$ cat structure_18.txt   # compact mmCIF, C-alpha atoms and all ligand atoms
# COMPACT_ATOMS: atom_id res chain seq x y z
CA MET B 37 254.92 129.85 89.08
CA ALA B 38 254.74 126.09 89.66
CA GLU B 39 252.31 125.53 92.53
CA GLY B 40 254.13 122.60 94.07
CA PRO B 41 251.31 120.19 93.17
CA SER B 42 251.41 118.04 96.27
CA LEU B 43 251.34 121.02 98.61
CA PHE B 44 247.90 122.27 97.53
CA ALA B 45 246.30 119.14 96.09
CA ASN B 46 242.86 118.37 97.61
CA GLY B 47 242.80 121.59 99.58
CA ARG B 48 239.49 123.03 100.82
CA PRO B 49 238.69 126.36 99.12
CA PHE B 50 238.22 129.39 101.38
CA VAL B 51 237.79 133.15 100.98
CA LYS B 52 239.51 135.73 103.18
CA MET B 53 237.26 138.76 103.78
CA GLN B 54 237.15 141.78 106.06
CA GLY B 55 234.75 144.43 107.30
CA LEU B 56 236.57 147.57 108.54
CA GLY B 57 239.61 145.43 109.33
CA ASN B 58 237.70 142.81 111.34
CA ASP B 59 238.86 139.86 109.30
CA PHE B 60 237.44 136.46 108.52
CA VAL B 61 238.23 133.13 106.93
CA VAL B 62 235.00 132.09 105.18
CA PHE B 63 234.21 128.54 104.07
CA ASP B 64 231.28 127.95 101.71
CA ALA B 65 229.84 124.75 103.18
CA VAL B 66 226.47 124.89 101.39
CA ASP B 67 227.12 121.94 99.08
CA GLU B 68 229.84 120.23 101.11
CA PRO B 69 229.28 120.34 104.89
CA LEU B 70 232.35 121.08 106.98
CA HIS B 71 232.98 120.07 110.59
CA LEU B 72 235.86 121.81 112.34
CA GLU B 73 237.17 120.98 115.79
CA PRO B 74 238.11 123.94 118.03
CA ALA B 75 241.81 123.12 117.62
CA GLN B 76 241.42 123.30 113.82
CA VAL B 77 239.69 126.69 114.09
CA ARG B 78 242.48 127.99 116.33
CA ARG B 79 245.14 126.88 113.84
CA LEU B 80 243.29 128.34 110.83
CA ALA B 81 242.86 131.62 112.73
CA ASP B 82 246.52 131.71 113.80
CA ARG B 83 248.36 134.49 111.95
CA ARG B 84 251.64 132.54 111.87
CA PHE B 85 250.73 128.88 111.50
CA GLY B 86 247.43 129.25 109.66
CA ILE B 87 245.59 131.71 107.43
CA GLY B 88 244.91 134.24 110.20
CA CYS B 89 241.61 135.89 111.19
CA ASP B 90 239.55 137.26 114.08
CA GLN B 91 236.68 134.90 113.31
CA LEU B 92 236.06 131.88 111.05
CA LEU B 93 232.65 131.86 109.33
CA LEU B 94 230.69 129.00 107.78
CA LEU B 95 228.01 129.57 105.16
CA GLU B 96 225.78 126.48 105.27
CA ALA B 97 222.62 125.23 103.61
CA PRO B 98 219.39 126.52 105.20
CA ARG B 99 217.89 124.40 107.98
CA ASP B 100 214.36 125.78 107.57
CA GLY B 101 212.12 127.35 104.94
CA ASP B 102 212.48 130.84 106.40
CA SER B 103 216.13 131.37 105.53
CA ASP B 104 218.42 131.23 102.52
CA PHE B 105 221.51 130.10 104.44
CA HIS B 106 222.62 129.06 107.90
CA TYR B 107 225.48 131.17 109.22
CA ARG B 108 227.93 130.00 111.90
CA VAL B 109 230.61 132.02 113.72
CA PHE B 110 233.76 130.74 115.47
CA ASN B 111 236.09 133.05 117.39
CA ALA B 112 239.86 132.79 116.96
CA ASP B 113 240.00 130.89 120.27
CA GLY B 114 237.95 128.10 118.62
CA GLY B 115 234.68 128.80 120.44
CA GLU B 116 231.42 128.89 118.46
CA VAL B 117 229.26 131.96 119.14
CA SER B 118 225.89 133.21 117.94
CA GLN B 119 226.55 136.54 116.28
CA CYS B 120 229.06 138.50 114.23
CA GLY B 121 227.86 141.67 112.57
CA ASN B 122 230.84 142.45 110.35
CA GLY B 123 230.89 138.81 109.39
CA ALA B 124 227.21 138.91 108.44
CA ARG B 125 227.95 141.63 105.90
CA CYS B 126 230.79 139.54 104.45
CA VAL B 127 228.82 136.29 104.12
CA ALA B 128 225.90 138.24 102.67
CA ARG B 129 228.19 139.65 99.99
CA LEU B 130 229.52 136.16 99.27
CA ALA B 131 226.00 134.75 99.16
CA VAL B 132 224.85 137.40 96.67
CA ASP B 133 227.98 136.99 94.52
CA SER B 134 227.67 133.19 94.59
CA GLY B 135 224.59 133.55 92.38
CA ARG B 136 222.78 130.97 94.50
CA ILE B 137 219.90 133.29 95.26
CA ALA B 138 218.01 135.87 93.26
CA PRO B 139 219.11 139.48 93.73
CA GLY B 140 217.50 140.96 96.83
CA PRO B 141 217.59 140.45 100.60
CA VAL B 142 219.62 137.54 102.00
CA ARG B 143 218.08 135.75 104.99
CA LEU B 144 220.81 134.43 107.28
CA ALA B 145 219.76 132.13 110.11
CA THR B 146 222.06 131.87 113.14
CA ARG B 147 221.82 129.90 116.37
CA ASP B 148 220.15 132.93 117.88
CA GLY B 149 217.71 134.02 115.19
CA LEU B 150 217.33 135.38 111.69
CA MET B 151 219.14 138.34 110.14
CA VAL B 152 218.23 139.95 106.82
CA ALA B 153 221.00 141.57 104.78
CA GLU B 154 220.82 143.60 101.58
CA VAL B 155 223.17 145.43 99.25
CA ALA B 156 222.77 149.18 99.89
CA ALA B 157 223.25 152.06 97.49
CA GLY B 158 226.98 152.61 96.96
CA GLY B 159 227.83 148.93 97.48
CA ASP B 160 227.78 148.77 101.27
CA ILE B 161 225.80 146.01 102.95
CA ARG B 162 222.91 146.75 105.35
CA VAL B 163 221.97 144.16 107.96
CA ASN B 164 218.91 144.00 110.20
CA MET B 165 220.62 142.98 113.44
CA GLY B 166 217.39 142.40 115.32
CA VAL B 167 216.07 143.94 118.52
CA PRO B 168 218.66 144.50 121.29
CA ARG B 169 217.92 142.89 124.66
CA PHE B 170 218.76 144.52 127.99
CA SER B 171 217.90 141.96 130.60
CA PRO B 172 221.14 140.65 132.21
CA LYS B 173 219.86 137.09 131.88
CA ASP B 174 219.82 137.50 128.08
CA LEU B 175 223.60 137.86 127.94
CA PRO B 176 223.84 135.84 130.31
CA ALA B 177 225.13 137.93 133.20
CA ARG B 178 224.80 137.22 136.90
CA PHE B 179 224.29 140.31 139.05
CA PRO B 180 222.31 140.61 142.32
CA ASP B 181 219.37 142.28 140.57
CA ALA B 182 218.14 143.01 137.07
CA ARG B 183 219.33 146.63 137.13
CA ASN B 184 221.03 147.83 133.92
CA PRO B 185 223.52 149.53 133.89
CA VAL B 186 225.15 147.62 136.69
CA SER B 187 227.85 149.08 138.90
CA LEU B 188 230.77 146.66 139.10
CA PRO B 189 233.07 147.23 142.09
CA LEU B 190 236.79 147.21 141.16
CA ALA B 191 239.91 147.76 143.22
CA GLU B 192 240.18 151.37 142.05
CA GLY B 193 236.47 152.33 142.23
CA SER B 194 233.45 151.02 140.35
CA LEU B 195 232.46 150.75 136.68
CA ASP B 196 229.03 151.32 135.13
CA LEU B 197 228.46 148.48 132.67
CA HIS B 198 225.64 148.87 130.16
CA LEU B 199 224.60 145.30 129.36
CA VAL B 200 223.23 144.47 125.89
CA SER B 201 222.60 141.22 124.02
CA MET B 202 222.68 141.34 120.22
CA GLY B 203 222.52 137.56 120.20
CA ASN B 204 225.96 137.76 121.77
CA PRO B 205 226.86 139.37 125.08
CA HIS B 206 228.19 142.93 125.36
CA ALA B 207 229.18 145.17 128.28
CA VAL B 208 229.51 148.81 127.18
CA ILE B 209 231.53 151.33 129.20
CA ARG B 210 231.28 155.07 128.50
CA VAL B 211 234.72 156.72 128.50
CA GLU B 212 235.94 160.29 128.01
CA ASN B 213 238.53 159.33 125.37
CA VAL B 214 238.81 155.93 123.67
CA ASP B 215 242.47 156.57 122.84
CA GLU B 216 243.24 156.52 126.56
CA ALA B 217 240.87 153.69 127.47
CA LEU B 218 242.41 150.68 129.19
CA VAL B 219 241.04 148.39 126.50
CA GLU B 220 243.35 145.44 127.04
CA THR B 221 243.59 145.65 130.84
CA LEU B 222 239.88 146.12 131.49
CA GLY B 223 238.77 144.15 128.43
CA ARG B 224 240.73 141.08 129.46
CA ALA B 225 239.57 141.31 133.09
CA LEU B 226 235.89 141.77 132.23
CA GLU B 227 235.85 139.19 129.38
CA THR B 228 236.49 136.44 131.92
CA HIS B 229 234.75 138.00 134.95
CA PRO B 230 232.66 135.40 136.86
CA ALA B 231 229.55 137.58 136.40
CA PHE B 232 229.60 136.50 132.72
CA PRO B 233 229.32 132.69 132.58
CA GLU B 234 229.70 132.69 128.76
CA ARG B 235 232.28 135.53 128.92
CA VAL B 236 231.53 138.92 127.30
CA ASN B 237 232.57 141.41 124.60
CA VAL B 238 233.62 144.75 126.14
CA GLY B 239 232.94 148.04 124.36
CA PHE B 240 234.63 151.36 125.22
CA LEU B 241 232.37 154.16 123.98
CA GLU B 242 233.22 157.85 123.57
CA VAL B 243 230.08 159.89 122.83
CA LEU B 244 230.88 162.88 120.58
CA ASP B 245 227.29 164.09 120.09
CA THR B 246 223.82 162.56 119.60
CA ALA B 247 224.79 161.29 116.12
CA HIS B 248 228.52 160.55 116.39
CA ALA B 249 230.65 158.35 118.62
CA ARG B 250 233.95 156.46 118.74
CA LEU B 251 234.24 152.87 119.90
CA ARG B 252 236.90 150.30 120.64
CA VAL B 253 235.97 146.71 121.45
CA TRP B 254 237.79 143.97 123.32
CA GLU B 255 236.16 140.93 121.75
CA ARG B 256 235.40 137.69 123.56
CA GLY B 257 237.66 135.03 122.11
CA ALA B 258 239.60 137.36 119.84
CA GLY B 259 240.95 140.33 121.82
CA GLU B 260 240.81 143.91 120.52
CA THR B 261 239.74 143.99 116.87
CA LEU B 262 239.77 146.90 114.43
CA ALA B 263 235.97 146.84 114.36
CA CYS B 264 233.07 144.92 115.92
CA GLY B 265 229.70 145.10 114.21
CA SER B 266 227.59 143.64 116.99
CA GLY B 267 229.63 145.73 119.43
CA ALA B 268 228.74 148.89 117.48
CA CYS B 269 225.07 147.88 117.63
CA ALA B 270 225.32 147.16 121.36
CA ALA B 271 226.97 150.54 121.99
CA MET B 272 224.27 152.33 119.96
CA ALA B 273 221.51 150.48 121.82
CA ALA B 274 223.04 151.23 125.22
CA GLY B 275 223.52 154.88 124.30
CA ARG B 276 220.01 155.24 122.92
CA ARG B 277 218.59 153.71 126.10
CA ALA B 278 220.71 156.04 128.24
CA GLY B 279 219.55 159.10 126.28
CA TRP B 280 222.94 159.85 124.68
CA PHE B 281 221.98 159.18 121.05
CA GLY B 282 219.30 160.02 118.51
CA PRO B 283 217.87 157.36 116.16
CA GLU B 284 221.00 157.12 113.96
CA VAL B 285 224.70 157.18 114.88
CA LYS B 286 227.91 157.14 112.84
CA MET B 287 230.06 154.85 114.95
CA GLY B 288 233.79 155.48 114.41
CA LEU B 289 235.87 152.33 114.96
CA GLN B 290 239.62 151.92 114.54
CA GLY B 291 239.04 150.39 111.10
CA GLY B 292 236.42 152.87 109.88
CA ASN B 293 232.79 153.90 110.26
CA LEU B 294 229.53 152.01 110.61
CA VAL B 295 226.10 153.65 110.47
CA ILE B 296 223.78 152.18 113.09
CA SER B 297 220.11 153.16 113.12
CA PHE B 298 216.94 152.17 114.90
CA GLU B 299 214.05 151.40 112.55
CA SER B 300 211.75 152.61 115.33
CA ASP B 301 211.95 152.96 119.10
CA GLY B 302 211.99 149.44 120.50
CA GLY B 303 212.41 148.09 116.98
CA PRO B 304 215.35 146.38 115.25
CA LEU B 305 218.76 147.92 114.66
CA TRP B 306 220.14 148.28 111.14
CA MET B 307 223.92 148.31 110.61
CA GLN B 308 225.46 149.55 107.34
CA GLY B 309 229.07 149.22 106.28
CA PRO B 310 231.55 147.67 103.86
CA ALA B 311 232.33 144.02 103.21
CA GLU B 312 235.42 143.29 101.15
CA TYR B 313 237.29 140.36 99.65
CA VAL B 314 240.99 140.08 100.46
CA PHE B 315 242.07 136.84 98.73
CA ARG B 316 240.95 133.29 98.10
CA GLY B 317 242.85 130.08 98.44
CA SER B 318 242.70 126.48 99.40
CA ILE B 319 244.03 124.73 102.46
CA ARG B 320 244.39 121.12 103.53
CA LEU B 321 242.44 120.67 106.78
N1 LIG I 401 233.70 138.07 119.52
C1 LIG I 401 232.25 138.05 119.29
C2 LIG I 401 231.91 137.46 117.91
C3 LIG I 401 232.35 138.36 116.81
C4 LIG I 401 231.73 139.70 116.93
C5 LIG I 401 232.33 140.75 116.02
N2 LIG I 401 233.37 140.32 115.14
C6 LIG I 401 231.21 141.39 115.22
O1 LIG I 401 231.49 141.93 114.15
O2 LIG I 401 230.06 141.36 115.68
C7 LIG I 401 231.60 137.15 120.31
O3 LIG I 401 232.28 136.32 120.88
O4 LIG I 401 230.40 137.31 120.53

$ encode --input "structure_18.txt" --output "structure tokens"
Amino acid sequence: MAEGPSLFANGRPFVKMQGLGNDFVVFDAVDEPLHLEPAQVRRLADRRFGIGCDQLLLLEAPRDGDSDFHYRVFNADGGEVSQCGNGARCVARLAVDSGRIAPGPVRLATRDGLMVAEVAAGGDIRVNMGVPRFSPKDLPARFPDARNPVSLPLAEGSLDLHLVSMGNPHAVIRVENVDEALVETLGRALETHPAFPERVNVGFLEVLDTAHARLRVWERGAGETLACGSGACAAMAAGRRAGWFGPEVKMGLQGGNLVISFESDGGPLWMQGPAEYVFRGSIRL
């Protein structure tokens, strides 16, 4: 089919990828740096006027000797953030397939720290998501004291919020049944609550047993997604700290399952799950 030469000439190549339905537009900016304004990110993420995604990811050249790549995350609302777990699996897959590095672990540096990803048996990707942090100031979150969970007064009662930072802020709420959780109503209200100066991702966690749970996440800057990798890690960390979980949990999200495990008590969290290509293309920015 004739491509309509002028329409696609000089477009910037991109790859569309997804992890359990959390979807991404990925630009490989290792050899050719790319600067995007928030308005450009919003348009690229728009499912009618752009390509469409929950987050836009940049794979960049390393900025230090301790990493193979620098990894940047932008939410659909155009804001740059410091972590995206499902996205880390996708850029790790792209990095391995790009042939730029020898087979083996991929060291991804973010604004918040270093993550190591590797291809697991069966083709999934495993990512060391680092050590979860529980001090409200790490999110940041402003509450009268450093207690965690915090009880947030609402018109119809109060909510226990389990606060976790995975490099990005999460508030986890335990619910009896995720299918009946008020994900949009509460998610939207909490995302922009003044207690969270940088806003917050809101997880709704249904504990099935010490090794199984279900989770829905209202994501900062993207709304409810089919899966949230850092949200699954935050929910596991909160549940482990509260005594609900053992050292490994199969976390059931709308888009599928992630396996989240602690390497040791107080140690880093590992997240394992799929990372898939959807299509590639080019677009004039
Ligand atoms: N909305 C998140 C970023 C993406 C997180 C999610 N897609 C994941 O897989 O971790 C935030 O603002 O921190």

$ closest_residue --input "structure_18.txt" --among "B:Cys126, B:Leu188, B:Val51, B:Ala65" --to "ligand LIG 401 (chain I)" --atoms "all atoms listed in the file"
B:Cys126

$ closest_residue --input "structure_18.txt" --among "B:Ala270, B:Val285, B:Leu93, B:Val163" --to "Ala207 in chain B" --atoms "only C-alpha atoms"
B:Ala270

$ residues_around --input "structure_18.txt" --residues "range 140-144 of chain B" --least-positions-apart "5" --cutoff "10 Å" --atoms "all atoms listed in the file" --output "list in words"
Leu95, Glu96, Pro98, Asp102, Ser103, Asp104, Phe105, His106, Tyr107, Arg108, Ala124, Val127, Ala128, Arg129, Ala131, Val132, Gly149, Leu150, Met151, Val152, Ala153, Glu154, Val155, Arg162, Val163 and Asn164 of chain B

$ write_last_selection --input "structure_18.txt" --atoms "C-alpha atoms" --output "CSV table (one decimal), keeping the file's coordinate frame"
chain,number,residue,atom,x,y,z
B,95,LEU,CA,228.0,129.6,105.2
B,96,GLU,CA,225.8,126.5,105.3
B,98,PRO,CA,219.4,126.5,105.2
B,102,ASP,CA,212.5,130.8,106.4
B,103,SER,CA,216.1,131.4,105.5
B,104,ASP,CA,218.4,131.2,102.5
B,105,PHE,CA,221.5,130.1,104.4
B,106,HIS,CA,222.6,129.1,107.9
B,107,TYR,CA,225.5,131.2,109.2
B,108,ARG,CA,227.9,130.0,111.9
B,124,ALA,CA,227.2,138.9,108.4
B,127,VAL,CA,228.8,136.3,104.1
B,128,ALA,CA,225.9,138.2,102.7
B,129,ARG,CA,228.2,139.6,100.0
B,131,ALA,CA,226.0,134.8,99.2
B,132,VAL,CA,224.8,137.4,96.7
B,149,GLY,CA,217.7,134.0,115.2
B,150,LEU,CA,217.3,135.4,111.7
B,151,MET,CA,219.1,138.3,110.1
B,152,VAL,CA,218.2,140.0,106.8
B,153,ALA,CA,221.0,141.6,104.8
B,154,GLU,CA,220.8,143.6,101.6
B,155,VAL,CA,223.2,145.4,99.2
B,162,ARG,CA,222.9,146.8,105.4
B,163,VAL,CA,222.0,144.2,108.0
B,164,ASN,CA,218.9,144.0,110.2

$ axis_aligned_box --input "structure_18.txt" --around "ligand LIG 401 (chain I)" --padding-each-side "8 Å" --output "lines of an AutoDock Vina configuration file"
center_x = 231.9
center_y = 139.1
center_z = 117.5
size_x = 19.6
size_y = 21.6
size_z = 22.7

$ residues_around --input "structure_18.txt" --residues "His229 in chain B" --least-positions-apart "4" --cutoff "12 Å" --atoms "all atoms listed in the file" --output "number ranges by chain"
B: 177-179, 188-190, 207, 222-225, 233-238, 256

$ write_last_selection --input "structure_18.txt" --atoms "C-alpha atoms" --output "PDB file, keeping the file's coordinate frame"
ATOM      1  CA  ALA B 177     225.130 137.930 133.200  1.00  0.00           C
ATOM      2  CA  ARG B 178     224.800 137.220 136.900  1.00  0.00           C
ATOM      3  CA  PHE B 179     224.290 140.310 139.050  1.00  0.00           C
ATOM      4  CA  LEU B 188     230.770 146.660 139.100  1.00  0.00           C
ATOM      5  CA  PRO B 189     233.070 147.230 142.090  1.00  0.00           C
ATOM      6  CA  LEU B 190     236.790 147.210 141.160  1.00  0.00           C
ATOM      7  CA  ALA B 207     229.180 145.170 128.280  1.00  0.00           C
ATOM      8  CA  LEU B 222     239.880 146.120 131.490  1.00  0.00           C
ATOM      9  CA  GLY B 223     238.770 144.150 128.430  1.00  0.00           C
ATOM     10  CA  ARG B 224     240.730 141.080 129.460  1.00  0.00           C
ATOM     11  CA  ALA B 225     239.570 141.310 133.090  1.00  0.00           C
ATOM     12  CA  PRO B 233     229.320 132.690 132.580  1.00  0.00           C
ATOM     13  CA  GLU B 234     229.700 132.690 128.760  1.00  0.00           C
ATOM     14  CA  ARG B 235     232.280 135.530 128.920  1.00  0.00           C
ATOM     15  CA  VAL B 236     231.530 138.920 127.300  1.00  0.00           C
ATOM     16  CA  ASN B 237     232.570 141.410 124.600  1.00  0.00           C
ATOM     17  CA  VAL B 238     233.620 144.750 126.140  1.00  0.00           C
ATOM     18  CA  ARG B 256     235.400 137.690 123.560  1.00  0.00           C
TER      19      ARG B 256
END

$ closest_residue --input "structure_18.txt" --among "B:Asp160, B:Asp196, B:Asp67, B:Asp245" --to "Ala97 in chain B" --atoms "all atoms listed in the file"
B:Asp67

$ closest_atom_pairs --input "structure_18.txt" --of "chain B" --to "ligand LIG 401 (chain I)" --cutoff "6 Å" --atoms "only C-alpha atoms and all ligand atoms" --output "JSON lines"
{"residue": "B:Asn111", "atom": "CA", "partner": "I:LIG401", "partner_atom": "N1", "distance": 6.0}
{"residue": "B:Val117", "atom": "CA", "partner": "I:LIG401", "partner_atom": "O3", "distance": 5.6}
{"residue": "B:Gln119", "atom": "CA", "partner": "I:LIG401", "partner_atom": "C2", "distance": 5.7}
{"residue": "B:Cys120", "atom": "CA", "partner": "I:LIG401", "partner_atom": "O2", "distance": 3.4}
{"residue": "B:Gly121", "atom": "CA", "partner": "I:LIG401", "partner_atom": "O2", "distance": 3.8}
{"residue": "B:Asn122", "atom": "CA", "partner": "I:LIG401", "partner_atom": "O1", "distance": 3.9}
{"residue": "B:Gly123", "atom": "CA", "partner": "I:LIG401", "partner_atom": "O1", "distance": 5.7}
{"residue": "B:Asn204", "atom": "CA", "partner": "I:LIG401", "partner_atom": "O4", "distance": 4.6}
{"residue": "B:Glu255", "atom": "CA", "partner": "I:LIG401", "partner_atom": "N1", "distance": 4.4}
{"residue": "B:Arg256", "atom": "CA", "partner": "I:LIG401", "partner_atom": "O3", "distance": 4.3}
{"residue": "B:Gly257", "atom": "CA", "partner": "I:LIG401", "partner_atom": "N1", "distance": 5.6}
{"residue": "B:Ala258", "atom": "CA", "partner": "I:LIG401", "partner_atom": "N1", "distance": 6.0}
{"residue": "B:Cys264", "atom": "CA", "partner": "I:LIG401", "partner_atom": "O1", "distance": 3.8}
{"residue": "B:Gly265", "atom": "CA", "partner": "I:LIG401", "partner_atom": "O1", "distance": 3.6}
{"residue": "B:Ser266", "atom": "CA", "partner": "I:LIG401", "partner_atom": "O2", "distance": 3.6}
{"residue": "B:Gly267", "atom": "CA", "partner": "I:LIG401", "partner_atom": "O2", "distance": 5.8}

$ closest_residue --input "structure_18.txt" --among "B:Ala217, B:Val77, B:Ile296, B:Val61" --to "Glu260 in chain B" --atoms "all atoms listed in the file"
B:Ala217

$ residues_around --input "structure_18.txt" --residues "Glu212 in chain B" --least-positions-apart "6" --cutoff "12 Å" --atoms "all atoms listed in the file" --output "JSON list (two decimals) with C-alpha atoms, in the frame of the given file"
[["chain", "number", "residue", "atom", "x", "y", "z"],
["B", 218, "LEU", "CA", 242.41, 150.68, 129.19],
["B", 240, "PHE", "CA", 234.63, 151.36, 125.22],
["B", 241, "LEU", "CA", 232.37, 154.16, 123.98],
["B", 242, "GLU", "CA", 233.22, 157.85, 123.57],
["B", 243, "VAL", "CA", 230.08, 159.89, 122.83],
["B", 244, "LEU", "CA", 230.88, 162.88, 120.58],
["B", 249, "ALA", "CA", 230.65, 158.35, 118.62],
["B", 250, "ARG", "CA", 233.95, 156.46, 118.74],
["B", 251, "LEU", "CA", 234.24, 152.87, 119.90]]

$ atom_distance --input "structure_18.txt" --atom1 "CA of Pro74 in chain B" --atom2 "CA of Gly86 in chain B"
13.6 Å

$ closest_residue --input "structure_18.txt" --among "B:Ala157, B:Leu56, B:Ile87, B:Ile209" --to "Gly288 in chain B" --atoms "all atoms listed in the file"
B:Leu56

$ atom_distance --input "structure_18.txt" --atom1 "CA of Thr146 in chain B" --atom2 "CA of Leu294 in chain B"
21.6 Å

$ atom_distance --input "structure_18.txt" --atom1 "CA of Gly317 in chain B" --atom2 "CA of Arg48 in chain B"
8.2 Å

$ closest_residue --input "structure_18.txt" --among "B:Arg78, B:His206, B:Arg169, B:Arg147" --to "Asp90 in chain B" --atoms "all atoms listed in the file"
B:Arg78

$ residues_around --input "structure_18.txt" --residues "Gly275 in chain B" --least-positions-apart "3" --cutoff "10 Å" --atoms "all atoms listed in the file" --output "short mmCIF file (atom, residue, chain, number, x, y, z; two decimals) with C-alpha atoms, keeping the file's coordinate frame"
data_model
loop_
_atom_site.label_atom_id
_atom_site.label_comp_id
_atom_site.auth_asym_id
_atom_site.auth_seq_id
_atom_site.Cartn_x
_atom_site.Cartn_y
_atom_site.Cartn_z
CA HIS B 198 225.64 148.87 130.16
CA VAL B 208 229.51 148.81 127.18
CA ARG B 210 231.28 155.07 128.50
CA LEU B 241 232.37 154.16 123.98
CA VAL B 243 230.08 159.89 122.83
CA THR B 246 223.82 162.56 119.60
CA ALA B 249 230.65 158.35 118.62
CA CYS B 269 225.07 147.88 117.63
CA ALA B 270 225.32 147.16 121.36
CA ALA B 271 226.97 150.54 121.99
CA MET B 272 224.27 152.33 119.96
CA ALA B 278 220.71 156.04 128.24
CA GLY B 279 219.55 159.10 126.28
CA TRP B 280 222.94 159.85 124.68
CA PHE B 281 221.98 159.18 121.05
CA GLY B 282 219.30 160.02 118.51
CA VAL B 285 224.70 157.18 114.88
#

$ residues_around --input "structure_18.txt" --residues "Leu199 in chain B" --least-positions-apart "5" --cutoff "8 Å" --atoms "all atoms listed in the file" --output "list of chain:residue names"
B:Phe170, B:Ser171, B:Pro172, B:Leu175, B:Asn184, B:Pro185, B:Val186, B:Pro205, B:His206, B:Ala207, B:Val208, B:Ala274
